[in-house]
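So this one's input_35.txt, compact mmCIF, C-alpha atoms:
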```txt
# COMPACT_ATOMS: atom_id res chain seq x y z
CA MET A 37 0.00 0.00 0.00
CA ALA A 38 2.78 2.28 0.91
CA ASP A 39 4.58 1.43 -2.28
CA SER A 40 1.49 2.29 -4.30
CA LYS A 41 1.30 5.73 -2.68
CA LYS A 42 4.96 6.35 -3.35
CA LYS A 43 4.47 5.47 -7.00
CA THR A 44 1.46 7.68 -7.20
CA SER A 45 3.36 10.53 -5.58
CA LYS A 46 6.30 10.02 -7.92
CA VAL A 47 4.06 10.08 -10.96
CA SER A 48 2.42 13.26 -9.79
CA LYS A 49 5.78 14.88 -9.32
CA GLU A 50 6.90 13.78 -12.73
CA LYS A 51 3.72 15.21 -14.24
CA LYS A 52 4.37 18.51 -12.52
CA ASP A 53 7.92 18.50 -13.73
CA LEU A 54 6.75 17.65 -17.22
CA LYS A 55 4.11 20.36 -17.14
CA SER A 56 6.69 22.79 -15.90
CA LYS A 57 8.97 21.85 -18.75
CA VAL A 58 6.10 22.18 -21.19
CA ASP A 59 5.24 25.57 -19.82
CA SER A 60 8.86 26.60 -20.04
CA LEU A 61 9.01 25.28 -23.56
CA GLU A 62 5.88 27.25 -24.53
CA GLU A 63 7.31 30.37 -22.94
CA LEU A 64 10.49 29.75 -24.87
CA ASN A 65 8.50 29.32 -28.00
CA ASP A 66 6.63 32.58 -27.28
CA VAL A 67 9.89 34.38 -26.69
CA THR A 68 11.27 32.92 -29.86
CA GLU A 69 8.24 34.02 -31.77
CA VAL A 70 8.58 37.56 -30.37
CA GLU A 71 12.24 37.57 -31.20
CA LYS A 72 11.43 36.39 -34.68
CA LYS A 73 8.89 39.17 -35.03
CA ASP A 74 11.41 41.68 -33.76
CA ASP A 75 13.96 40.32 -36.16
CA ASN A 76 11.46 40.56 -38.98
CA ILE A 77 10.62 44.16 -38.06
CA LYS A 78 14.29 45.05 -37.83
CA SER A 79 14.90 43.29 -41.12
CA ASN A 80 12.05 45.18 -42.76
CA LYS A 81 13.38 48.47 -41.40
CA LEU A 82 16.83 47.69 -42.68
CA ASP A 83 15.40 46.75 -46.07
CA LYS A 84 13.43 50.05 -46.25
CA ARG A 85 16.48 52.06 -45.23
CA ALA A 86 18.58 50.32 -47.80
CA TYR A 87 15.91 50.93 -50.45
CA ALA A 88 15.63 54.60 -49.51
CA LYS A 89 19.41 54.94 -49.55
CA ASN A 90 19.66 53.28 -52.95
CA LEU A 91 16.82 55.44 -54.27
CA PHE A 92 18.48 58.62 -52.97
CA GLN A 93 21.79 57.63 -54.51
CA SER A 94 20.06 56.89 -57.80
CA LEU A 95 18.36 60.28 -57.79
CA ILE A 96 21.68 61.99 -57.11
CA LEU A 97 23.25 60.06 -59.96
CA ILE A 98 20.40 60.96 -62.33
CA CYS A 99 20.58 64.66 -61.38
CA GLY A 100 24.34 64.62 -61.83
CA LEU A 101 24.05 63.06 -65.26
CA ALA A 102 21.31 65.56 -66.22
CA CYS A 103 23.52 68.47 -65.17
CA ILE A 104 26.44 67.09 -67.15
CA ILE A 105 24.29 66.56 -70.24
CA TYR A 106 22.77 70.08 -69.96
CA GLY A 107 26.20 71.59 -69.50
CA LEU A 108 27.54 69.85 -72.58
CA TYR A 109 24.45 70.88 -74.57
CA SER A 110 24.78 74.50 -73.47
CA MET A 111 28.46 74.47 -74.31
CA PHE A 112 28.19 73.08 -77.82
CA PHE A 113 24.65 73.61 -79.04
CA LYS A 114 22.70 76.26 -77.13
CA GLU A 115 23.00 79.89 -78.16
CA PRO A 116 24.73 81.95 -75.47
CA LYS A 117 22.27 84.12 -73.58
CA GLN A 118 22.71 87.78 -74.30
CA GLU A 119 22.83 90.04 -71.29
CA GLU A 120 19.97 92.49 -71.33
CA GLN A 121 21.27 95.98 -71.92
CA PRO A 122 19.42 98.98 -70.51
CA GLU A 123 17.28 100.53 -73.20
CA GLU A 124 18.88 103.68 -74.55
CA LYS A 125 16.75 106.64 -75.36
CA PRO A 126 16.98 107.61 -79.01
CA ARG A 127 19.24 110.60 -79.43
CA ILE A 128 18.40 113.45 -81.77
CA GLN A 129 19.93 113.31 -85.24
CA LEU A 130 22.06 116.10 -86.70
CA LYS A 131 19.59 116.67 -89.54
CA ASP A 132 16.84 117.28 -86.99
CA VAL A 133 19.07 119.71 -85.08
CA LYS A 134 19.70 121.64 -88.29
CA LYS A 135 15.95 121.74 -88.92
CA LEU A 136 15.39 123.24 -85.47
CA TYR A 137 18.24 125.68 -86.05
CA GLY A 138 16.29 126.88 -89.06
CA TYR A 139 13.64 128.23 -86.67
CA ILE A 140 16.20 130.82 -85.48
CA SER A 141 17.82 131.53 -88.84
CA LYS A 142 17.24 135.27 -88.49
CA GLU A 143 19.91 137.58 -87.12
CA GLU A 144 17.36 139.11 -84.73
CA PHE A 145 17.66 136.00 -82.54
CA HIS A 146 21.10 137.35 -81.56
CA GLN A 147 20.41 140.31 -79.31
CA ASN A 148 22.12 141.65 -76.21
CA LYS A 149 19.32 140.39 -73.95
CA LEU A 150 17.46 137.21 -73.14
CA LEU A 151 14.87 136.57 -75.83
CA THR A 152 11.73 134.54 -75.13
CA ILE A 153 8.29 134.35 -76.67
CA GLN A 154 7.21 137.06 -74.20
CA ASN A 155 9.54 139.79 -75.49
CA ILE A 156 10.47 138.89 -79.09
CA GLU A 157 8.74 140.83 -81.87
CA GLU A 158 5.93 139.00 -83.63
CA ASP A 159 7.32 140.01 -87.03
CA ILE A 160 10.52 138.08 -86.29
CA ILE A 161 8.55 134.93 -85.47
CA PHE A 162 6.10 135.39 -88.34
CA SER A 163 8.94 135.70 -90.84
CA GLU A 164 9.59 131.99 -90.32
CA LEU A 165 6.42 131.39 -92.36
CA LEU A 166 7.96 133.33 -95.24
CA ASN A 167 10.97 131.04 -95.13
CA SER A 168 9.19 127.74 -94.59
CA ARG A 169 6.51 128.47 -97.20
CA GLY A 170 8.90 129.97 -99.74
CA PHE A 171 7.19 133.37 -99.58
CA ASP A 172 10.44 135.24 -100.07
CA ARG A 173 11.63 137.77 -102.58
CA LYS A 174 14.47 135.74 -104.10
CA THR A 175 12.23 132.80 -104.95
CA TYR A 176 9.67 134.83 -106.85
CA GLU A 177 12.06 137.12 -108.68
CA SER A 178 12.69 134.16 -110.98
CA GLU A 179 9.00 133.29 -111.35
CA GLY A 180 7.63 136.30 -113.18
CA CYS A 181 7.48 138.77 -110.28
CA GLU A 182 9.25 141.64 -112.05
CA ASP A 183 6.98 144.65 -111.51
CA TYR A 184 8.84 147.11 -109.27
CA THR A 185 5.81 149.41 -108.90
CA GLN A 186 3.20 146.92 -107.67
CA PRO A 187 3.36 144.28 -104.94
CA CYS A 188 3.57 140.77 -106.26
CA LYS A 189 1.54 138.13 -104.42
CA THR A 190 3.73 135.24 -103.35
CA GLY A 191 1.26 133.03 -101.49
CA GLU A 192 -1.37 132.78 -98.78
CA ILE A 193 -2.04 130.78 -95.63
CA SER A 194 -5.06 130.60 -93.34
CA TYR A 195 -4.88 132.20 -89.92
CA ASN A 196 -5.44 128.85 -88.16
CA ASP A 197 -2.75 127.08 -90.19
CA ALA A 198 -0.28 129.90 -89.58
CA LEU A 199 -0.95 129.89 -85.85
CA SER A 200 -0.75 126.08 -85.62
CA GLU A 201 2.56 125.96 -87.51
CA LEU A 202 4.11 128.71 -85.40
CA LYS A 203 2.88 127.14 -82.13
CA SER A 204 4.62 123.88 -83.04
CA LYS A 205 7.89 125.79 -83.52
CA TYR A 206 7.74 128.49 -80.83
CA GLY A 207 5.33 127.28 -78.16
CA ASN A 208 2.49 129.39 -76.77
CA ILE A 209 2.55 132.17 -79.33
CA SER A 210 -0.28 134.56 -80.23
CA LEU A 211 -0.82 136.39 -83.52
CA THR A 212 -2.26 139.80 -82.69
CA LYS A 213 -1.48 141.87 -85.79
CA ASP A 214 -3.30 142.28 -89.09
CA VAL A 215 -0.12 143.05 -91.05
CA TYR A 216 3.34 141.56 -90.69
CA TYR A 217 6.42 143.04 -92.34
CA TRP A 218 9.80 141.57 -93.07
CA ASN A 219 12.98 142.36 -94.99
CA TYR A 220 12.85 146.16 -94.62
CA GLY A 221 9.16 146.16 -95.46
CA LEU A 222 9.70 144.49 -98.83
CA ASP A 223 7.85 141.38 -97.65
CA ARG A 224 4.45 141.68 -96.01
CA CYS A 225 1.46 139.51 -95.14
CA ASP A 226 -2.03 141.01 -94.69
CA LEU A 227 -4.82 139.29 -92.77
CA VAL A 228 -7.86 139.22 -95.07
CA ASN A 229 -10.96 137.09 -94.37
CA ASP A 230 -9.16 134.84 -91.85
CA LYS A 231 -6.18 134.20 -94.07
CA PHE A 232 -2.81 135.87 -94.60
CA GLU A 233 -2.12 137.05 -98.15
CA CYS A 234 1.61 137.59 -98.65
CA TYR A 235 3.26 139.99 -101.10
CA VAL A 236 6.73 141.13 -102.02
CA LEU A 237 7.99 144.43 -103.38
CA LEU A 238 11.06 144.28 -105.57
CA GLY A 239 13.86 146.77 -105.17
CA GLY A 240 13.96 149.09 -102.17
CA LEU A 241 16.65 149.19 -99.52
CA GLU A 242 19.59 146.88 -99.72
CA ASP A 243 21.29 145.38 -96.74
CA VAL A 244 24.59 147.23 -96.23
CA LEU A 245 25.63 144.90 -93.39
CA ASP A 246 27.51 141.65 -93.70
CA VAL A 247 26.08 139.16 -91.22
CA TYR A 248 27.70 135.87 -90.29
CA PHE A 249 26.31 133.27 -87.92
CA ASP A 250 26.50 129.50 -87.87
CA MET A 251 25.88 126.58 -85.54
CA THR A 252 28.94 125.34 -83.64
CA ASN A 253 27.62 122.67 -81.25
CA PHE A 254 24.53 121.15 -79.62
CA ILE A 255 23.82 119.33 -76.35
CA GLU A 256 20.74 117.20 -75.69
CA THR A 257 19.53 116.30 -72.21
CA ASP A 258 16.40 114.47 -71.07
CA ASP A 259 14.13 117.50 -71.30
CA LYS A 260 15.83 120.11 -73.49
CA LEU A 261 18.16 120.79 -76.39
CA LEU A 262 20.85 123.48 -76.36
CA ILE A 263 22.08 124.73 -79.74
CA TYR A 264 25.20 126.90 -79.77
CA ASP A 265 26.26 129.25 -82.55
CA LYS A 266 28.43 132.30 -83.15
CA TYR A 267 27.35 135.64 -84.57
CA VAL A 268 29.07 138.74 -85.97
CA THR A 269 28.01 141.60 -88.22
CA TYR A 270 30.05 144.43 -89.65
CA SER A 271 29.45 147.48 -91.82
CA GLY A 272 31.46 150.20 -93.55
CA TYR A 273 33.41 147.72 -95.65
CA TYR A 274 33.59 150.28 -98.49
CA SER A 275 34.39 153.23 -96.22
CA ASP A 276 37.37 154.21 -94.13
CA GLU A 277 35.62 153.33 -90.88
CA SER A 278 34.37 149.79 -90.31
CA LYS A 279 32.01 148.85 -87.53
CA CYS A 280 31.81 145.38 -86.12
CA TYR A 281 29.17 144.11 -83.67
CA VAL A 282 28.38 140.81 -82.03
CA ASP A 283 24.66 141.49 -81.54
CA SER A 284 21.90 142.42 -83.95
CA ASN A 285 20.85 145.50 -81.97
CA TYR A 286 24.37 146.95 -82.40
CA GLU A 287 25.17 147.44 -78.74
CA VAL A 288 28.24 145.23 -78.25
CA GLU A 289 31.23 145.95 -80.49
CA CYS A 290 33.76 143.38 -81.62
CA LEU A 291 37.12 143.25 -79.89
CA ASP A 292 40.32 144.25 -81.71
CA THR A 293 39.00 145.24 -85.15
CA GLN A 294 42.29 146.73 -86.32
CA ASN A 295 42.73 144.11 -89.04
CA LEU A 296 39.03 143.64 -89.81
CA ARG A 297 39.18 144.93 -93.41
CA ASP A 298 42.11 142.70 -94.28
CA ASP A 299 40.54 139.71 -92.54
CA VAL A 300 37.28 140.13 -94.45
CA ASN A 301 39.26 139.76 -97.67
CA SER A 302 41.45 136.86 -96.57
CA LEU A 303 39.56 134.78 -94.00
CA THR A 304 36.71 132.35 -94.48
CA GLN A 305 33.37 132.77 -92.73
CA ASP A 306 34.30 130.17 -90.11
CA GLU A 307 37.59 131.95 -89.46
CA ILE A 308 35.86 135.31 -89.13
CA LEU A 309 33.35 133.84 -86.69
CA GLU A 310 36.15 132.23 -84.72
CA LYS A 311 38.12 135.47 -84.46
CA TYR A 312 35.35 138.07 -84.07
CA GLY A 313 32.12 136.22 -83.35
CA LYS A 314 30.29 135.92 -80.03
CA GLU A 315 28.74 132.68 -78.81
CA TYR A 316 24.98 132.33 -78.27
CA VAL A 317 22.91 129.52 -76.80
CA HIS A 318 19.41 128.74 -78.05
CA THR A 319 17.25 126.59 -75.78
CA PHE A 320 14.59 124.22 -77.09
CA LEU A 321 12.11 122.41 -74.83
CA LYS A 322 9.83 119.42 -75.45
CA ASP A 323 6.08 119.72 -75.78
CA GLU A 324 3.58 117.11 -74.52
CA ASN A 325 4.18 115.03 -77.68
CA GLY A 326 7.96 114.99 -77.23
CA ASN A 327 8.65 117.49 -80.03
CA TYR A 328 11.09 120.36 -79.57
CA TYR A 329 10.07 124.02 -79.77
CA TRP A 330 12.13 127.18 -79.37
CA TYR A 331 12.10 128.59 -75.85
CA SER A 332 14.87 131.21 -75.56
CA SER A 333 18.04 132.72 -77.07
CA GLU A 334 20.78 134.62 -75.25
CA MET A 335 24.39 135.68 -75.52
CA VAL A 336 26.89 133.57 -73.60
CA LYS A 337 28.54 136.04 -71.25
```
Rewrite the structure from the file as structure tokens, please.
Amino acid sequence: MADSKKKTSKVSKEKKDLKSKVDSLEELNDVTEVEKKDDNIKSNKLDKRAYAKNLFQSLILICGLACIIYGLYSMFFKEPKQEEQPEEKPRIQLKDVKKLYGYISKEEFHQNKLLTIQNIEEDIIFSELLNSRGFDRKTYESEGCEDYTQPCKTGEISYNDALSELKSKYGNISLTKDVYYWNYGLDRCDLVNDKFECYVLLGGLEDVLDVYFDMTNFIETDDKLLIYDKYVTYSGYYSDESKCYVDSNYEVECLDTQNLRDDVNSLTQDEILEKYGKEYVHTFLKDENGNYYWYSSEMVK
């Protein structure tokens, strides 16, 4: 009986030991499974990192190759890019300067005072129409105007056209007279029925003065144009006493005229102007359309 109990007790102990071993084995299996899962996770992470690293390296390689290819293409095939230059404003041409200088082609623009549209005589300004329209004595002497006793009509222009033309050349000018005279009264324009009828008388007084003036330089800025010229006039060439002036109102005499008579015979016009002439500056401003008009003339002191 006692032996049977011992056997039973031994078997029970062996069962417990076996169960304990089984439990340990299951725990080991669970641990192993967890470790396997951890290993799998770590492996997956390593695989993703390696993939990302390879992808990044591939992208760098592709970009590098693209840069090399573009560089070679730019070097051998692509047109070199031109640097953008700042846009230069068109400068005035010499022919246009000479045209503007024609607006002041009368000696009366060379006076010993500042001339503007406010104090210059209207006849001086109006005479530009005679020049620009060809209403001058020399032109029509060769076209049948030979009667020295009667005025010869040389042309006509409406009041509005005359005013518009002169405004474009001289700015805010007004025409207030019914008759305009020029060239010692030999040229005249009468306002009749809203138009100027222009005539010329042949003969009359002759100019006993020799007048020289010519453009010497011009300077253009953003808002104005300066035209420089020199002027001189002299009289008494056929008498013992010669007079030389550097202004058209005969107030400023030339300097050192001792050799004037000899110089008139031997020097060119440019040389006479250089030796005896006085410099003037004529200022032109721009209107709202960007066109130049005469603004002032004055002697350079």
**Q.** Separation of atom CA of A:Asp246 from atom CA of A:Tyr331, in Å and rounded to one decimal
**A.** 27.0 Å
Q. Within 8 Å of stretch 137-139 of chain A, counting all atoms listed in the file, which residues qualify if same-chain residues fewer than 5 places away don't, as a list in words?
A.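 Close residues of stretch 137-139 of chain A: Glu164, Lys205, Met251, Ile263 and Trp330 of chain A.
Near (18.7, 133.0, -79.9), the residues that fall inside 7 Å on the basis of only C-alpha atoms are A:Ile140, A:Phe145, A:His146, A:Leu151, A:Tyr316, A:Val317, A:His318, A:Ser332, A:Ser333, A:Glu334.
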Q) Given the choices A:Lys149, A:Lys131, A:Lys231, A:Lys314, which gets closest to A:Asp214 if the distance is worked out from all atoms listed in the file? A) A:Lys231
Q | Nearby residues (all atoms listed in the file) at most 12 Å from A:Asp197, same-chain spacing under 6 positions excluded, as a PyMOL selection string | A | chain A and resi 165+169+203-204+211+230-232
Q) Given the choices A:Leu222, A:Ile209, A:Leu309, A:Val133, which gets closest to A:Cys290 if the distance is worked out from all atoms listed in the file? A)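 Closest residue, counting all atoms listed in the file: A:Leu309.
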